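Source file: my_file37.txt; contents: compact mmCIF, C-alpha atoms.
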```
# COMPACT_ATOMS: atom_id res chain seq x y z
CA MET S 1 -117.19 -65.18 34.08
CA SER S 2 -117.58 -62.28 36.20
CA GLU S 3 -116.10 -58.88 35.65
CA HIS S 4 -113.72 -59.36 38.53
CA GLU S 5 -112.37 -62.58 37.14
CA SER S 6 -111.95 -61.00 33.79
CA ASP S 7 -109.72 -58.29 35.23
CA GLU S 8 -107.52 -60.82 36.97
CA THR S 9 -107.08 -62.80 33.79
CA THR S 10 -105.86 -59.88 31.76
CA ARG S 11 -103.61 -58.26 34.44
CA PRO S 12 -100.34 -59.99 34.99
CA ALA S 13 -99.70 -61.44 38.38
CA VAL S 14 -96.20 -59.81 38.90
CA SER S 15 -95.26 -56.52 37.34
CA PRO S 16 -91.72 -56.32 35.78
CA PRO S 17 -89.06 -54.37 37.77
CA ARG S 18 -88.46 -50.77 36.73
CA PRO S 19 -84.96 -49.53 36.07
CA ALA S 20 -83.44 -47.22 38.65
CA PRO S 21 -83.88 -43.53 37.86
CA ASP S 22 -80.09 -42.88 37.74
CA ALA S 23 -79.24 -45.90 35.57
CA SER S 24 -77.48 -45.09 32.28
CA PRO S 25 -75.78 -47.00 29.46
CA LEU S 26 -72.30 -46.24 30.90
CA ALA S 27 -73.03 -47.94 34.18
CA GLY S 28 -72.22 -51.30 32.73
CA LEU S 29 -68.89 -50.04 31.37
CA ARG S 30 -67.89 -48.59 34.71
CA ARG S 31 -68.45 -51.91 36.38
CA GLU S 32 -66.09 -53.53 33.87
CA LEU S 33 -63.16 -51.00 34.41
CA PRO S 34 -60.50 -51.83 37.00
CA ALA S 35 -60.45 -49.96 40.23
CA GLU S 36 -58.61 -46.62 40.22
CA VAL S 37 -55.08 -46.69 41.55
CA PRO S 38 -54.37 -43.86 43.99
CA ALA S 39 -51.72 -41.39 42.81
CA GLU S 40 -48.39 -41.62 44.55
CA ALA S 41 -47.07 -38.72 46.52
CA PRO S 42 -44.43 -36.58 44.65
CA ALA S 43 -40.90 -37.57 45.35
CA LYS S 44 -38.91 -35.28 47.56
CA ALA S 45 -36.68 -32.88 45.62
CA PRO S 46 -33.04 -33.79 46.06
CA THR S 47 -30.89 -31.40 48.00
CA PRO S 48 -28.05 -29.55 46.19
CA ALA S 49 -25.58 -32.00 47.62
CA GLU S 50 -27.59 -34.89 46.21
CA GLU S 51 -28.11 -33.44 42.69
CA PRO S 52 -26.68 -35.82 40.10
CA VAL S 53 -23.71 -34.54 38.11
CA PRO S 54 -24.24 -34.88 34.34
CA GLU S 55 -21.89 -37.27 32.73
CA PRO S 56 -19.51 -35.83 30.07
CA SER S 57 -20.77 -38.42 27.66
CA GLY S 58 -24.12 -36.64 27.62
CA LEU S 59 -22.67 -33.35 26.26
CA THR S 60 -23.38 -32.25 22.72
CA GLY S 61 -20.66 -31.49 20.18
CA ARG S 62 -21.14 -27.73 20.55
CA GLN S 63 -20.86 -27.95 24.33
CA ARG S 64 -17.63 -29.95 24.04
CA LEU S 65 -16.24 -27.29 21.67
CA VAL S 66 -17.14 -24.48 24.07
CA ASN S 67 -15.61 -26.34 27.00
CA GLY S 68 -12.44 -26.89 24.97
CA LEU S 69 -12.10 -23.22 23.97
CA TRP S 70 -13.13 -21.51 27.19
CA PRO S 71 -11.47 -20.76 29.43
CA PRO S 72 -8.51 -20.28 27.05
CA ARG S 73 -5.33 -22.14 27.78
CA VAL S 74 -2.48 -20.00 26.38
CA THR S 75 0.95 -21.52 26.16
CA ARG S 76 4.23 -19.66 25.77
CA ALA S 77 4.61 -20.76 22.15
CA GLN S 78 1.13 -19.51 21.28
CA LEU S 79 1.88 -16.16 22.90
CA ILE S 80 5.08 -15.75 20.86
CA VAL S 81 3.25 -16.62 17.63
CA ALA S 82 0.52 -14.10 18.47
CA LEU S 83 3.09 -11.35 19.04
CA LEU S 84 4.82 -12.15 15.74
CA LEU S 85 1.53 -12.05 13.85
CA PHE S 86 0.64 -8.74 15.49
CA GLY S 87 3.99 -7.25 14.46
CA LEU S 88 3.54 -8.50 10.89
CA GLY S 89 0.04 -7.05 10.66
CA PHE S 90 1.19 -3.72 12.05
CA GLY S 91 4.02 -3.52 9.52
CA LEU S 92 1.67 -4.27 6.63
CA ALA S 93 -0.77 -1.61 7.86
CA VAL S 94 2.00 1.00 8.02
CA GLN S 95 3.21 0.09 4.54
CA VAL S 96 -0.29 0.32 3.09
CA ALA S 97 -0.81 3.69 4.78
CA SER S 98 2.48 5.06 3.42
CA ASN S 99 1.64 3.87 -0.09
CA SER S 100 -1.77 5.49 0.18
CA ASP S 101 -0.17 8.78 1.22
CA GLY S 102 2.25 8.62 -1.69
CA ASP S 103 -0.58 8.03 -4.17
CA SER S 104 -2.91 10.66 -2.67
CA ALA S 105 -1.33 13.41 -4.77
CA LEU S 106 -2.12 11.56 -7.98
CA ARG S 107 -5.64 10.70 -6.84
CA GLY S 108 -6.40 14.37 -6.29
CA ALA S 109 -4.63 15.58 -9.42
CA ARG S 110 -6.50 17.26 -12.19
CA GLN S 111 -6.94 15.67 -15.57
CA GLU S 112 -4.48 18.01 -17.27
CA ASP S 113 -1.86 17.19 -14.61
CA LEU S 114 -2.27 13.48 -15.22
CA VAL S 115 -1.97 14.03 -18.96
CA ARG S 116 1.23 15.98 -18.39
CA ILE S 117 2.67 13.16 -16.28
CA LEU S 118 1.86 10.63 -19.00
CA ASP S 119 3.50 12.89 -21.59
CA GLU S 120 6.61 13.07 -19.44
CA LEU S 121 6.77 9.28 -19.22
CA ASP S 122 6.38 9.05 -22.97
CA ASP S 123 9.21 11.55 -23.42
CA ARG S 124 11.49 9.51 -21.17
CA THR S 125 10.69 6.38 -23.13
CA GLU S 126 11.40 8.18 -26.40
CA ARG S 127 14.69 9.52 -25.04
CA LEU S 128 15.84 6.06 -24.02
CA GLU S 129 14.85 4.70 -27.41
CA ASP S 130 16.90 7.42 -29.13
CA GLU S 131 19.89 6.56 -26.99
CA LYS S 132 19.50 2.92 -27.89
CA GLN S 133 19.40 3.74 -31.60
CA GLY S 134 22.51 5.93 -31.25
CA LEU S 135 24.46 3.11 -29.67
CA GLU S 136 23.32 0.70 -32.36
CA LYS S 137 24.43 3.20 -34.99
CA GLN S 138 27.89 3.43 -33.45
CA ARG S 139 28.15 -0.33 -33.43
CA ASP S 140 27.18 -0.53 -37.10
CA GLU S 141 29.73 2.15 -38.03
CA LEU S 142 32.47 0.24 -36.26
CA GLU S 143 31.52 -2.98 -38.00
CA ASN S 144 31.14 -1.49 -41.49
CA SER S 145 33.91 1.12 -41.52
CA SER S 146 36.89 0.37 -43.81
CA ASP S 147 39.23 2.02 -41.33
CA GLN S 148 37.95 0.67 -38.05
CA ALA S 149 40.89 2.05 -36.08
CA GLU S 150 40.20 5.66 -37.18
CA GLU S 151 36.49 5.29 -36.54
CA ALA S 152 37.18 3.86 -33.10
CA ARG S 153 39.47 6.80 -32.33
CA LYS S 154 36.77 9.32 -33.31
CA GLN S 155 34.18 7.61 -31.18
CA THR S 156 36.63 7.45 -28.29
CA ILE S 157 37.22 11.20 -28.44
CA GLU S 158 33.48 11.89 -28.55
CA LYS S 159 32.88 9.50 -25.67
CA GLU S 160 35.61 11.24 -23.68
CA ARG S 161 33.86 14.59 -24.12
CA GLN S 162 30.55 13.12 -23.01
CA LEU S 163 32.12 11.53 -19.95
CA GLY S 164 33.90 14.80 -19.17
CA VAL S 165 30.55 16.58 -19.06
CA LEU S 166 29.10 13.92 -16.79
CA ALA S 167 32.18 13.93 -14.54
CA GLY S 168 32.22 17.73 -14.38
CA THR S 169 35.77 18.08 -15.68
CA VAL S 170 34.80 20.15 -18.74
CA ALA S 171 32.37 23.04 -19.21
CA ALA S 172 29.14 22.47 -21.06
CA GLN S 173 26.47 24.54 -22.75
CA GLY S 174 23.14 23.88 -24.38
CA PRO S 175 19.40 24.35 -23.97
CA GLY S 176 17.90 23.91 -20.54
CA ILE S 177 16.32 25.68 -17.59
CA THR S 178 17.26 27.87 -14.65
CA MET S 179 15.46 27.24 -11.35
CA THR S 180 15.78 29.81 -8.57
CA ILE S 181 14.66 29.08 -5.00
CA GLU S 182 14.17 32.01 -2.61
CA ASP S 183 14.18 30.79 1.00
CA THR S 184 13.48 33.83 3.18
CA LYS S 185 12.04 31.69 6.03
CA GLY S 186 15.01 29.34 6.18
CA THR S 187 12.78 26.27 5.85
CA VAL S 188 14.43 24.65 2.82
CA GLU S 189 16.60 21.73 3.82
CA ALA S 190 19.21 19.64 2.05
CA ASP S 191 16.89 16.71 1.36
CA MET S 192 14.51 19.00 -0.58
CA LEU S 193 17.33 20.17 -2.85
CA LEU S 194 18.45 16.57 -3.26
CA ASP S 195 14.93 15.65 -4.42
CA ALA S 196 15.19 18.42 -7.01
CA VAL S 197 18.51 17.02 -8.29
CA GLN S 198 17.12 13.50 -8.52
CA GLU S 199 13.99 14.67 -10.33
CA LEU S 200 16.08 16.62 -12.86
CA ARG S 201 18.33 13.61 -13.48
CA ALA S 202 15.28 11.40 -14.03
CA ALA S 203 13.94 13.95 -16.54
CA GLY S 204 17.13 13.75 -18.62
CA ALA S 205 19.40 16.47 -17.21
CA GLU S 206 22.90 16.11 -18.66
CA ALA S 207 24.70 18.77 -16.59
CA ILE S 208 23.65 20.44 -13.32
CA GLN S 209 25.22 23.27 -11.37
CA VAL S 210 23.94 24.56 -8.02
CA ASN S 211 25.23 28.08 -7.36
CA ASP S 212 28.99 27.61 -7.92
CA VAL S 213 29.18 23.84 -7.37
CA ARG S 214 29.05 21.25 -10.15
CA VAL S 215 26.77 18.33 -9.44
CA VAL S 216 28.21 14.92 -10.38
CA ALA S 217 27.39 11.29 -9.68
CA GLY S 218 29.00 11.33 -6.23
CA THR S 219 27.54 14.66 -5.06
CA TYR S 220 26.04 14.78 -1.56
CA LEU S 221 24.06 17.52 0.18
CA THR S 222 23.94 18.27 3.91
CA ASP S 223 22.41 20.90 6.16
CA SER S 224 24.95 23.50 7.29
CA GLY S 225 23.86 26.19 9.71
CA ASN S 226 21.52 28.58 7.93
CA GLY S 227 22.18 27.04 4.53
CA VAL S 228 23.06 23.88 2.69
CA ALA S 229 26.45 22.35 1.85
CA VAL S 230 27.03 20.66 -1.52
CA ASP S 231 30.02 18.31 -1.39
CA GLY S 232 31.22 20.22 1.66
CA ASN S 233 30.88 23.65 -0.04
CA LYS S 234 28.37 25.84 1.78
CA ILE S 235 25.82 27.65 -0.38
CA THR S 236 23.19 30.15 0.73
CA THR S 237 19.87 31.37 -0.57
CA PRO S 238 18.88 32.02 -3.26
CA TYR S 239 19.62 28.54 -4.56
CA ARG S 240 20.11 28.69 -8.33
CA PHE S 241 20.06 25.53 -10.43
CA LYS S 242 21.47 25.73 -13.97
CA VAL S 243 20.47 22.62 -15.84
CA ILE S 244 21.25 21.50 -19.40
CA GLY S 245 18.72 19.23 -21.03
CA LYS S 246 15.45 19.26 -22.95
CA PRO S 247 13.39 22.12 -21.45
CA GLN S 248 10.12 20.46 -22.48
CA ASP S 249 11.03 17.53 -20.19
CA LEU S 250 12.75 19.35 -17.32
CA GLU S 251 10.15 21.97 -16.47
CA PRO S 252 7.10 19.63 -16.34
CA ALA S 253 9.08 17.21 -14.16
CA LEU S 254 9.47 19.92 -11.51
CA ASN S 255 5.82 21.03 -11.65
CA ILE S 256 4.06 17.66 -11.36
CA PRO S 257 1.48 17.44 -8.51
CA GLY S 258 3.28 16.69 -5.27
CA GLY S 259 6.62 17.33 -6.97
CA VAL S 260 9.56 19.62 -6.23
CA VAL S 261 7.91 22.99 -6.79
CA GLN S 262 4.78 22.14 -4.82
CA THR S 263 6.83 20.75 -1.92
CA LEU S 264 9.02 23.86 -1.74
CA GLU S 265 6.03 26.18 -1.92
CA LYS S 266 4.49 24.36 1.06
CA GLU S 267 7.62 25.39 2.97
CA GLN S 268 6.88 29.04 2.04
CA ALA S 269 9.71 29.18 -0.48
CA THR S 270 9.42 31.00 -3.80
CA VAL S 271 10.34 28.97 -6.88
CA THR S 272 10.75 30.28 -10.42
CA VAL S 273 11.61 28.14 -13.46
CA GLU S 274 12.76 29.71 -16.73
CA ARG S 275 13.48 28.02 -20.03
CA SER S 276 16.44 29.03 -22.13
CA THR S 277 18.00 28.01 -25.43
CA LYS S 278 21.51 28.42 -23.98
CA ILE S 279 22.57 27.46 -20.48
CA VAL S 280 26.26 27.57 -19.56
CA VAL S 281 27.51 25.20 -16.86
CA ASP S 282 31.09 26.25 -16.19
CA ALA S 283 31.79 25.06 -12.66
CA LEU S 284 34.45 22.34 -12.86
CA ARG S 285 35.49 19.45 -10.70
CA VAL S 286 39.00 18.14 -10.14
CA VAL S 287 39.44 14.53 -11.14
CA LYS S 288 40.53 12.45 -8.18
CA ARG S 289 42.30 9.18 -8.62
CA PRO S 290 40.41 6.45 -6.80
CA ASP S 291 42.20 4.87 -3.88
CA TYR S 292 41.20 1.30 -4.53
CA ALA S 293 39.31 0.98 -7.82
CA ARG S 294 41.37 0.17 -10.89
CA SER S 295 40.47 -0.54 -14.50
CA SER S 296 39.92 -4.22 -15.12
CA SER S 297 41.95 -3.97 -18.37
CA GLN S 298 45.18 -3.25 -16.49
```
Represent the supplied structure as structure tokens.
Amino acid sequence: MSEHESDETTRPAVSPPRPAPDASPLAGLRRELPAEVPAEAPAKAPTPAEEPVPEPSGLTGRQRLVNGLWPPRVTRAQLIVALLLFGLGFGLAVQVASNSDGDSALRGARQEDLVRILDELDDRTERLEDEKQGLEKQRDELENSSDQAEEARKQTIEKERQLGVLAGTVAAQGPGITMTIEDTKGTVEADMLLDAVQELRAAGAEAIQVNDVRVVAGTYLTDSGNGVAVDGNKITTPYRFKVIGKPQDLEPALNIPGGVVQTLEKEQATVTVERSTKIVVDALRVVKRPDYARSSSQ
């Protein structure tokens, strides 16, 4: 065998096809995918007239609450209730403010002033307790006395004297104080003197005389020109109070913070208080028979 024949025997007759240069492993997958669908053109935006209105059923709970509250729908009954509540709140605010003003004096008081006020309250409590014990003693004497009629007569006479002092029909004397008010500016009014009388009564005053007028349960004070009238009797400055009672109770009651003396001094009046072991109250009142009131024993 020749060399030419040998080459033909070893070389294949047809050479195998070569793959294309751009062939890749994904080519087969691409042929298996469906054809791409062209994208649709965007829909035309609806005009404002064509915009759909959201259904109420699609609202959330918060949106329904807002729609129910706003805009507000005020009825006549609701308006009346609102006005009444406003008036009630205003009244409570005024009352709280007035109470705060009344307590401001005690809030700003010094410790010794507060101690003095507490001592005064203790003295009042002790005085009431003594009065209670005295009445209980009188009751026991009436119950245990062998001659109850004589004992009752003695107690009746003593009670008559006490009531005479309170009614202003008899003169009285005893320990107490004298308070003098100099009002050169003419700023002291009847209500200020009335506060002094009430404070003295609360402190245990048993007999009070203002200038030449006896103060009793039915006494009233009014402004009269440049002075003050007590039960229709005009008095002028200086106003002099003669008071029978326990001096240790009467004087501190007038000098408490925010009390009588401090109020009068704010009005540029001069106040002096003097203790005494003997005060004479000799202004008398005429007993008037009541027009309508009668004793229930008649």
Q) Which value, in Å to one decimal, gives the distance between CA of Leu250 (chain S) and CA of Ile208 (chain S)? A)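 Computing it gives 11.7 Å between the two atoms.
Each of S:Leu135, S:Val280, S:Leu118, S:Ala269 was compared to Gly245 (chain S) using all atoms listed in the file, and S:Val280 turns out to be the nearest.
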Please give the centre and size of the box around region 278-293 of chain S (axis-aligned, containing every atom listed in the file, 4 Å added per side), with values in Å to one decimal and written as JSON.
```
{"center_x": 31.9, "center_y": 14.7, "center_z": -13.9, "size_x": 28.8, "size_y": 35.4, "size_z": 28.1}
```
Q) Taking only C-alpha atoms into account, which of S:Asp212, S:Glu267, S:Asp291, S:Glu143 comes nearest Val188 (chain S)? A) S:Glu267
